[in-house]
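Coordinates from protein27.pdb are shown below (PDB, C-alpha atoms and all ligand atoms).
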```pdb
ATOM      1  CA  MET Y  80      96.268  -4.197  -0.247
ATOM      2  CA  VAL Y  81      98.517  -1.204   0.018
ATOM      3  CA  ALA Y  82      98.366   1.001  -3.026
ATOM      4  CA  ALA Y  83     101.697   1.422  -4.779
ATOM      5  CA  THR Y  84     103.284   4.791  -4.021
ATOM      6  CA  ALA Y  85     103.759   6.963  -7.067
ATOM      7  CA  ASP Y  86     107.343   7.416  -8.242
ATOM      8  CA  LEU Y  87     108.099  11.035  -7.383
ATOM      9  CA  SER Y  88     111.851  10.846  -7.851
ATOM     10  CA  ASN Y  89     111.698  13.087 -10.934
ATOM     11  CA  SER Y  90     109.284  15.603  -9.471
ATOM     12  CA  GLU Y  91     110.665  19.143  -9.436
ATOM     13  CA  THR Y  92     108.152  19.975  -6.697
ATOM     14  CA  VAL Y  93     109.391  17.181  -4.449
ATOM     15  CA  ARG Y  94     112.999  18.190  -5.068
ATOM     16  CA  ASN Y  95     112.247  21.787  -4.099
ATOM     17  CA  ILE Y  96     110.399  20.761  -0.941
ATOM     18  CA  PHE Y  97     113.384  18.603   0.049
ATOM     19  CA  ILE Y  98     115.831  21.482  -0.500
ATOM     20  CA  THR Y  99     113.637  23.870   1.498
ATOM     21  CA  GLY Y 100     113.470  21.271   4.272
ATOM     22  CA  LEU Y 101     117.263  21.026   4.322
ATOM     23  CA  GLN Y 102     117.559  24.825   4.491
ATOM     24  CA  ASN Y 103     115.050  24.959   7.344
ATOM     25  CA  ALA Y 104     117.002  22.301   9.237
ATOM     26  CA  HIS Y 105     120.168  24.332   8.658
ATOM     27  CA  SER Y 106     118.478  27.435  10.144
ATOM     28  CA  LEU Y 107     117.203  25.420  13.056
ATOM     29  CA  GLU Y 108     120.663  24.073  13.894
ATOM     30  CA  LYS Y 109     122.184  27.556  13.723
ATOM     31  CA  GLU Y 110     119.494  28.759  16.123
ATOM     32  CA  ALA Y 111     120.206  25.769  18.363
ATOM     33  CA  ILE Y 112     123.885  26.698  18.683
ATOM     34  CA  GLN Y 113     123.005  30.257  19.720
ATOM     35  CA  LEU Y 114     120.495  29.036  22.295
ATOM     36  CA  MET Y 115     122.898  26.497  23.752
ATOM     37  CA  ASN Y 116     125.857  28.885  23.892
ATOM     38  CA  ARG Y 117     123.778  31.469  25.732
ATOM     39  CA  GLN Y 118     122.802  28.855  28.315
ATOM     40  CA  ILE Y 119     126.360  27.527  28.643
ATOM     41  CA  GLU Y 120     127.521  31.063  29.510
ATOM     42  CA  ARG Y 121     124.849  31.517  32.173
ATOM     43  CA  ILE Y 122     124.638  28.156  33.956
ATOM     44  CA  GLU Y 123     126.256  28.221  37.399
ATOM     45  CA  ASN Y 124     124.802  25.437  39.516
ATOM     46  CA  TYR Y 125     123.883  22.784  36.973
ATOM     47  CA  PRO Y 126     127.225  21.646  35.490
ATOM     48  CA  GLU Y 127     125.698  18.405  34.182
ATOM     49  CA  MET Y 128     123.421  20.402  31.878
ATOM     50  CA  ARG Y 129     126.288  22.657  30.839
ATOM     51  CA  GLN Y 130     128.377  19.621  29.922
ATOM     52  CA  LEU Y 131     125.523  18.088  27.949
ATOM     53  CA  LEU Y 132     125.031  21.342  26.030
ATOM     54  CA  GLU Y 133     128.763  21.720  25.319
ATOM     55  CA  GLN Y 134     128.812  18.219  23.893
ATOM     56  CA  HIS Y 135     125.744  18.890  21.759
ATOM     57  CA  VAL Y 136     127.126  22.189  20.425
ATOM     58  CA  ARG Y 137     130.025  20.165  18.988
ATOM     59  CA  GLU Y 138     127.617  17.605  17.530
ATOM     60  CA  THR Y 139     125.430  20.343  16.086
ATOM     61  CA  GLU Y 140     128.417  21.888  14.293
ATOM     62  CA  GLY Y 141     128.873  18.496  12.622
ATOM     63  CA  GLN Y 142     125.176  18.370  11.732
ATOM     64  CA  ILE Y 143     125.437  21.777  10.060
ATOM     65  CA  ARG Y 144     128.422  20.520   8.029
ATOM     66  CA  ARG Y 145     126.375  17.494   6.911
ATOM     67  CA  LEU Y 146     123.508  19.735   5.789
ATOM     68  CA  ASP Y 147     125.977  22.050   4.026
ATOM     69  CA  GLU Y 148     127.383  19.107   2.089
ATOM     70  CA  ILE Y 149     123.946  17.886   0.998
ATOM     71  CA  LEU Y 150     122.877  21.398  -0.025
ATOM     72  CA  HIS Y 151     126.142  21.827  -1.913
ATOM     73  CA  ASN Y 152     125.181  18.734  -3.931
ATOM     74  CA  PHE Y 153     122.083  20.596  -5.094
ATOM     75  CA  GLY Y 154     124.153  23.615  -6.054
ATOM     76  CA  GLU Y 155     122.725  25.612  -3.181
ATOM     77  CA  ASP Y 156     125.233  28.137  -1.935
ATOM     78  CA  ARG Y 157     125.164  27.942   1.835
ATOM     79  CA  SER Y 158     126.203  31.588   2.157
ATOM     80  CA  LEU Y 159     122.896  32.555   0.557
ATOM     81  CA  LEU Y 160     120.883  30.757   3.209
ATOM     82  CA  LYS Y 161     118.694  33.114   5.130
ATOM     83  CA  ASP Y 162     118.760  31.028   8.273
ATOM     84  CA  MET Y 163     115.367  32.114   9.481
ATOM     85  CA  ALA Y 164     114.113  29.971  12.321
ATOM     86  CA  THR Y 165     110.557  28.749  11.967
ATOM     87  CA  GLN Y 166     107.803  30.462  13.919
ATOM     88  CA  VAL Y 167     107.408  27.640  16.422
ATOM     89  CA  MET Y 168     111.073  27.456  17.223
ATOM     90  CA  GLY Y 169     111.268  31.243  17.337
ATOM     91  CA  ASN Y 170     108.752  31.140  20.157
ATOM     92  CA  ILE Y 171     110.635  28.469  22.046
ATOM     93  CA  ALA Y 172     113.812  30.457  21.496
ATOM     94  CA  ALA Y 173     112.157  33.550  22.940
ATOM     95  CA  MET Y 174     111.144  31.529  25.975
ATOM     96  CA  ALA Y 175     114.756  30.482  26.496
ATOM     97  CA  HIS Y 176     115.977  34.064  26.137
ATOM     98  CA  VAL Y 177     113.957  35.610  28.936
ATOM     99  CA  PRO Y 178     115.655  35.238  32.334
ATOM    100  CA  MET Y 179     113.170  33.967  34.883
ATOM    101  CA  ALA Y 180     113.296  32.862  38.496
ATOM    102  CA  ASP Y 181     113.053  29.278  37.269
ATOM    103  CA  GLU Y 182     115.316  29.849  34.251
ATOM    104  CA  ILE Y 183     116.980  26.419  34.495
ATOM    105  CA  LEU Y 184     113.617  24.643  34.434
ATOM    106  CA  LYS Y 185     112.235  26.683  31.523
ATOM    107  CA  ASN Y 186     115.437  26.167  29.548
ATOM    108  CA  THR Y 187     115.370  22.439  30.209
ATOM    109  CA  PHE Y 188     111.774  22.249  28.928
ATOM    110  CA  ALA Y 189     112.710  24.372  25.893
ATOM    111  CA  ASN Y 190     115.789  22.225  25.142
ATOM    112  CA  HIS Y 191     113.662  19.100  25.354
ATOM    113  CA  ALA Y 192     111.101  20.603  22.971
ATOM    114  CA  PHE Y 193     113.829  21.791  20.611
ATOM    115  CA  GLU Y 194     115.467  18.367  20.354
ATOM    116  CA  ASN Y 195     112.137  16.680  19.721
ATOM    117  CA  PHE Y 196     111.326  19.241  17.015
ATOM    118  CA  GLU Y 197     114.666  18.367  15.401
ATOM    119  CA  ILE Y 198     113.952  14.630  15.668
ATOM    120  CA  ALA Y 199     110.699  15.112  13.737
ATOM    121  CA  SER Y 200     112.485  17.330  11.217
ATOM    122  CA  TYR Y 201     115.227  14.756  10.472
ATOM    123  CA  ARG Y 202     112.683  11.922  10.295
ATOM    124  CA  SER Y 203     110.786  13.946   7.710
ATOM    125  CA  LEU Y 204     113.970  14.795   5.750
ATOM    126  CA  ILE Y 205     114.900  11.108   5.598
ATOM    127  CA  THR Y 206     111.487  10.346   4.086
ATOM    128  CA  MET Y 207     111.894  13.202   1.606
ATOM    129  CA  ALA Y 208     115.344  11.960   0.585
ATOM    130  CA  GLU Y 209     113.839   8.547  -0.093
ATOM    131  CA  VAL Y 210     110.859   9.859  -2.062
ATOM    132  CA  ALA Y 211     112.994  12.359  -3.980
ATOM    133  CA  GLY Y 212     115.325   9.574  -5.105
ATOM    134  CA  HIS Y 213     118.298  10.780  -3.043
ATOM    135  CA  ALA Y 214     118.797   7.784  -0.789
ATOM    136  CA  LYS Y 215     122.563   8.446  -0.752
ATOM    137  CA  PHE Y 216     121.950  11.290   1.724
ATOM    138  CA  ILE Y 217     120.028   9.109   4.169
ATOM    139  CA  PRO Y 218     123.021   7.785   6.192
ATOM    140  CA  ALA Y 219     124.189  11.342   7.018
ATOM    141  CA  LEU Y 220     120.670  12.406   8.006
ATOM    142  CA  GLU Y 221     120.281   9.258  10.111
ATOM    143  CA  GLU Y 222     123.504  10.057  11.930
ATOM    144  CA  SER Y 223     122.141  13.480  12.881
ATOM    145  CA  LEU Y 224     118.801  11.934  13.840
ATOM    146  CA  ARG Y 225     120.534   9.520  16.228
ATOM    147  CA  GLU Y 226     122.430  12.403  17.856
ATOM    148  CA  GLU Y 227     119.170  14.311  18.391
ATOM    149  CA  GLN Y 228     117.479  11.226  19.863
ATOM    150  CA  LYS Y 229     120.395  10.631  22.213
ATOM    151  CA  THR Y 230     120.416  14.287  23.298
ATOM    152  CA  ALA Y 231     116.641  14.376  23.844
ATOM    153  CA  GLN Y 232     116.960  11.302  26.041
ATOM    154  CA  LEU Y 233     119.862  12.778  28.023
ATOM    155  CA  ILE Y 234     117.877  15.970  28.644
ATOM    156  CA  HIS Y 235     114.878  13.901  29.668
ATOM    157  CA  ASP Y 236     117.066  11.947  32.085
ATOM    158  CA  GLN Y 237     118.205  15.186  33.780
ATOM    159  CA  ILE Y 238     114.749  16.663  34.424
ATOM    160  CA  GLU Y 239     114.271  14.985  37.802
ATOM    161  CA  MET Y 240     117.773  15.748  39.085
ATOM    162  CA  ILE Y 241     117.566  19.396  37.985
ATOM    163  CA  THR Y 242     114.115  19.848  39.514
ATOM    164  CA  ARG Y 243     115.217  18.347  42.838
ATOM    165  CA  ARG Y 244     118.340  20.517  42.993
ATOM    166  CA  TYR Y 245     116.334  23.599  42.046
ATOM    167  CA  LEU Y 246     113.857  22.941  44.879
ATOM    168  CA  GLU Y 247     116.597  22.182  47.422
ATOM    169  CA  ARG Y 248     118.549  25.326  46.589
ATOM    170  CA  GLU Y 249     115.419  27.493  46.648
ATOM    171  CA  ALA Y 250     114.389  25.975  49.990
ATOM    172  CA  GLN Y 251     117.850  26.756  51.406
ATOM    173  CA  GLY Y 252     117.763  30.318  50.080
ATOM    174  CA  LEU Y 253     120.608  29.609  47.654
ATOM    175  CA  LYS Y 254     120.883  30.863  44.088
ATOM    176  CA  ALA Y 255     118.858  28.333  42.140
ATOM    177  CA  ASP Y 256     117.729  30.002  38.916
ATOM    178  CA  ARG Y 257     120.641  28.986  36.725
TER     179      ARG Y 257
HETATM  180 FE    FE T   1     119.979  18.992  18.430
END
```
Could I get this file's structure written as structure tokens?
Amino acid sequence: MVAATADLSNSETVRNIFITGLQNAHSLEKEAIQLMNRQIERIENYPEMRQLLEQHVRETEGQIRRLDEILHNFGEDRSLLKDMATQVMGNIAAMAHVPMADEILKNTFANHAFENFEIASYRSLITMAEVAGHAKFIPALEESLREEQKTAQLIHDQIEMITRRYLEREAQGLKADR
């Protein structure tokens, strides 16, 4: 027997946790755009990754609009958002900001981690929306979740190709880092 879950749809605490979660996701997406744009500017020999990132920057702008709309529903002024990235993502961001000999590999690992962090975040927000009694926001959050899952998979699918090209270019004495 599964115990019935308590009805928390009127809980002020649950509502506040949901709003904080939405604000954190908003910060995370803003951070994502910065990270991706920096990589797009620097990539020279891996146009497939650049293209993937350009596509996901556009998607991420849409995800930020979705979060803005939900927050607006709660009377949260988006201009007041602090947009502080969480500690974990700050560290991954730092990793992606330091140019290294294997920059393209490190950035690919960081992008993969970032997308999976976002997948977990949206999955959690969907659960919060349900528990908080705001199921009407679930379709928008699910749309963003699907975009993150697709992007994580596309990054995953490029790891082998990027690694092989990196090794080939290094072995030939060509510029391989980015
Ligand atoms: Fe993303």
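When all atoms listed in the file are used to measure the gap to Y:Pro218, the shortest distance among Y:Ile98, Y:Ala255, Y:Leu246, Y:Ile205 belongs to Y:Ile205.
Picture a line from atom CA of Y:Lys109 to atom CA of Y:Glu127; it runs 22.7 Å.
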note = Of Y:Leu184, Y:Ile143, Y:Met128, Y:Ala189, the one sitting nearest Y:Ala219 when using all atoms listed in the file is Y:Ile143
Step by step, gather every atom of stretch 221-233 of chain Y that the file lists, find the box along x, y and z that holds them, add 6 Å on each side, and finally give centre and edge lengths in Å to one decimal, as AutoDock Vina command-line options.
```
--center_x 120.1 --center_y 11.8 --center_z 19.1 --size_x 18.9 --size_y 17.1 --size_z 29.9
```
inquiry  = What residues of the protein or nucleic acid chains come within 9 Å of ligand FE 1 (chain T) when you use all atoms listed in the file? Reply as a PyMOL selection string.
reply    = chain Y and resi 107-108+111-112+135-136+138-139+142+190+193-198+223-224+226-228+230-231
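Using only C-alpha atoms, the smallest distance between any of Y:Glu221, Y:Glu155, Y:Glu249, Y:Glu133 and Y:Thr99 comes from Y:Glu155.
A distance cut-off of 6 Å around (113.1, 13.7, -3.9), counting all atoms listed in the file, selects these protein and nucleic acid residues: Y:Ser88, Y:Val93, Y:Arg94, Y:Met207, Y:Ala208, Y:Val210, Y:Ala211, Y:Gly212.
Using all atoms listed in the file, the smallest distance between any of Y:Arg144, Y:Lys185, Y:Arg243, Y:Arg202 and Y:Ile217 comes from Y:Arg202.
The closest residue to Y:His235, picked from Y:Ile96, Y:Ala192, Y:Ala250, Y:Leu220 and counting all atoms listed in the file, is Y:Ala192.
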ask   = For Y:Phe216, which residue among Y:Glu182, Y:Glu247, Y:Asp147, Y:Asp236 is the nearest when counting only C-alpha atoms?
value = Y:Asp147
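Rounded to one decimal, atom CA of Y:Arg225 and atom CA of Y:Leu132 lie 16.0 Å from each other.
One finds atom CA of Y:Asp181 at 12.8 Å from atom CA of Y:Leu253.
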Could you add N, CA and C atoms to stretch 120-152 of chain Y and give me the result as a PDB file, in the frame of the given file?
```pdb
ATOM      1  N   GLU Y 120     126.923  29.891  28.849  1.00  0.00           N
ATOM      2  CA  GLU Y 120     127.521  31.063  29.510  1.00  0.00           C
ATOM      3  C   GLU Y 120     126.886  31.344  30.865  1.00  0.00           C
ATOM      4  N   ARG Y 121     125.583  31.084  30.976  1.00  0.00           N
ATOM      5  CA  ARG Y 121     124.849  31.517  32.173  1.00  0.00           C
ATOM      6  C   ARG Y 121     124.765  30.480  33.289  1.00  0.00           C
ATOM      7  N   ILE Y 122     124.820  29.195  32.942  1.00  0.00           N
ATOM      8  CA  ILE Y 122     124.638  28.156  33.956  1.00  0.00           C
ATOM      9  C   ILE Y 122     125.723  28.222  35.029  1.00  0.00           C
ATOM     10  N   GLU Y 123     125.292  28.193  36.288  1.00  0.00           N
ATOM     11  CA  GLU Y 123     126.256  28.221  37.399  1.00  0.00           C
ATOM     12  C   GLU Y 123     126.184  26.961  38.258  1.00  0.00           C
ATOM     13  N   ASN Y 124     124.985  26.509  38.523  1.00  0.00           N
ATOM     14  CA  ASN Y 124     124.802  25.437  39.516  1.00  0.00           C
ATOM     15  C   ASN Y 124     124.333  24.105  38.937  1.00  0.00           C
ATOM     16  N   TYR Y 125     124.347  24.015  37.621  1.00  0.00           N
ATOM     17  CA  TYR Y 125     123.883  22.784  36.973  1.00  0.00           C
ATOM     18  C   TYR Y 125     124.918  22.336  35.929  1.00  0.00           C
ATOM     19  N   PRO Y 126     126.132  21.969  36.418  1.00  0.00           N
ATOM     20  CA  PRO Y 126     127.225  21.646  35.490  1.00  0.00           C
ATOM     21  C   PRO Y 126     126.921  20.458  34.573  1.00  0.00           C
ATOM     22  N   GLU Y 127     126.040  19.564  35.030  1.00  0.00           N
ATOM     23  CA  GLU Y 127     125.698  18.405  34.182  1.00  0.00           C
ATOM     24  C   GLU Y 127     125.001  18.876  32.902  1.00  0.00           C
ATOM     25  N   MET Y 128     124.108  19.876  33.059  1.00  0.00           N
ATOM     26  CA  MET Y 128     123.421  20.402  31.878  1.00  0.00           C
ATOM     27  C   MET Y 128     124.390  21.174  31.003  1.00  0.00           C
ATOM     28  N   ARG Y 129     125.312  21.919  31.640  1.00  0.00           N
ATOM     29  CA  ARG Y 129     126.288  22.657  30.839  1.00  0.00           C
ATOM     30  C   ARG Y 129     127.120  21.689  29.994  1.00  0.00           C
ATOM     31  N   GLN Y 130     127.549  20.610  30.623  1.00  0.00           N
ATOM     32  CA  GLN Y 130     128.377  19.621  29.922  1.00  0.00           C
ATOM     33  C   GLN Y 130     127.625  18.995  28.743  1.00  0.00           C
ATOM     34  N   LEU Y 131     126.370  18.677  28.998  1.00  0.00           N
ATOM     35  CA  LEU Y 131     125.523  18.088  27.949  1.00  0.00           C
ATOM     36  C   LEU Y 131     125.399  19.056  26.761  1.00  0.00           C
ATOM     37  N   LEU Y 132     125.196  20.339  27.085  1.00  0.00           N
ATOM     38  CA  LEU Y 132     125.031  21.342  26.030  1.00  0.00           C
ATOM     39  C   LEU Y 132     126.337  21.550  25.266  1.00  0.00           C
ATOM     40  N   GLU Y 133     127.463  21.551  25.995  1.00  0.00           N
ATOM     41  CA  GLU Y 133     128.763  21.720  25.319  1.00  0.00           C
ATOM     42  C   GLU Y 133     128.997  20.589  24.320  1.00  0.00           C
ATOM     43  N   GLN Y 134     128.665  19.386  24.764  1.00  0.00           N
ATOM     44  CA  GLN Y 134     128.812  18.219  23.893  1.00  0.00           C
ATOM     45  C   GLN Y 134     127.909  18.345  22.661  1.00  0.00           C
ATOM     46  N   HIS Y 135     126.681  18.825  22.875  1.00  0.00           N
ATOM     47  CA  HIS Y 135     125.744  18.890  21.759  1.00  0.00           C
ATOM     48  C   HIS Y 135     126.044  20.065  20.824  1.00  0.00           C
ATOM     49  N   VAL Y 136     126.690  21.113  21.327  1.00  0.00           N
ATOM     50  CA  VAL Y 136     127.126  22.189  20.425  1.00  0.00           C
ATOM     51  C   VAL Y 136     128.112  21.608  19.409  1.00  0.00           C
ATOM     52  N   ARG Y 137     129.049  20.776  19.905  1.00  0.00           N
ATOM     53  CA  ARG Y 137     130.025  20.165  18.988  1.00  0.00           C
ATOM     54  C   ARG Y 137     129.320  19.263  17.978  1.00  0.00           C
ATOM     55  N   GLU Y 138     128.363  18.474  18.457  1.00  0.00           N
ATOM     56  CA  GLU Y 138     127.617  17.605  17.530  1.00  0.00           C
ATOM     57  C   GLU Y 138     126.843  18.435  16.505  1.00  0.00           C
ATOM     58  N   THR Y 139     126.256  19.512  16.972  1.00  0.00           N
ATOM     59  CA  THR Y 139     125.430  20.343  16.086  1.00  0.00           C
ATOM     60  C   THR Y 139     126.280  20.981  14.994  1.00  0.00           C
ATOM     61  N   GLU Y 140     127.521  21.352  15.330  1.00  0.00           N
ATOM     62  CA  GLU Y 140     128.417  21.888  14.293  1.00  0.00           C
ATOM     63  C   GLU Y 140     128.634  20.840  13.202  1.00  0.00           C
ATOM     64  N   GLY Y 141     128.738  19.578  13.595  1.00  0.00           N
ATOM     65  CA  GLY Y 141     128.873  18.496  12.622  1.00  0.00           C
ATOM     66  C   GLY Y 141     127.598  18.324  11.796  1.00  0.00           C
ATOM     67  N   GLN Y 142     126.453  18.500  12.445  1.00  0.00           N
ATOM     68  CA  GLN Y 142     125.176  18.370  11.732  1.00  0.00           C
ATOM     69  C   GLN Y 142     125.029  19.461  10.680  1.00  0.00           C
ATOM     70  N   ILE Y 143     125.497  20.666  11.024  1.00  0.00           N
ATOM     71  CA  ILE Y 143     125.437  21.777  10.060  1.00  0.00           C
ATOM     72  C   ILE Y 143     126.343  21.466   8.864  1.00  0.00           C
ATOM     73  N   ARG Y 144     127.529  20.896   9.141  1.00  0.00           N
ATOM     74  CA  ARG Y 144     128.422  20.520   8.029  1.00  0.00           C
ATOM     75  C   ARG Y 144     127.757  19.483   7.118  1.00  0.00           C
ATOM     76  N   ARG Y 145     127.071  18.508   7.727  1.00  0.00           N
ATOM     77  CA  ARG Y 145     126.375  17.494   6.911  1.00  0.00           C
ATOM     78  C   ARG Y 145     125.324  18.142   6.012  1.00  0.00           C
ATOM     79  N   LEU Y 146     124.551  19.058   6.574  1.00  0.00           N
ATOM     80  CA  LEU Y 146     123.508  19.735   5.789  1.00  0.00           C
ATOM     81  C   LEU Y 146     124.143  20.584   4.694  1.00  0.00           C
ATOM     82  N   ASP Y 147     125.248  21.253   5.024  1.00  0.00           N
ATOM     83  CA  ASP Y 147     125.977  22.050   4.026  1.00  0.00           C
ATOM     84  C   ASP Y 147     126.392  21.179   2.845  1.00  0.00           C
ATOM     85  N   GLU Y 148     126.911  19.995   3.153  1.00  0.00           N
ATOM     86  CA  GLU Y 148     127.383  19.107   2.089  1.00  0.00           C
ATOM     87  C   GLU Y 148     126.237  18.667   1.186  1.00  0.00           C
ATOM     88  N   ILE Y 149     125.101  18.318   1.800  1.00  0.00           N
ATOM     89  CA  ILE Y 149     123.946  17.886   0.998  1.00  0.00           C
ATOM     90  C   ILE Y 149     123.454  19.044   0.131  1.00  0.00           C
ATOM     91  N   LEU Y 150     123.357  20.229   0.734  1.00  0.00           N
ATOM     92  CA  LEU Y 150     122.877  21.398  -0.025  1.00  0.00           C
ATOM     93  C   LEU Y 150     123.851  21.728  -1.161  1.00  0.00           C
ATOM     94  N   HIS Y 151     125.128  21.559  -0.895  1.00  0.00           N
ATOM     95  CA  HIS Y 151     126.142  21.827  -1.913  1.00  0.00           C
ATOM     96  C   HIS Y 151     125.920  20.928  -3.135  1.00  0.00           C
ATOM     97  N   ASN Y 152     125.501  19.683  -2.870  1.00  0.00           N
ATOM     98  CA  ASN Y 152     125.181  18.734  -3.931  1.00  0.00           C
ATOM     99  C   ASN Y 152     124.086  19.235  -4.857  1.00  0.00           C
TER     100      ASN Y 152
END
```
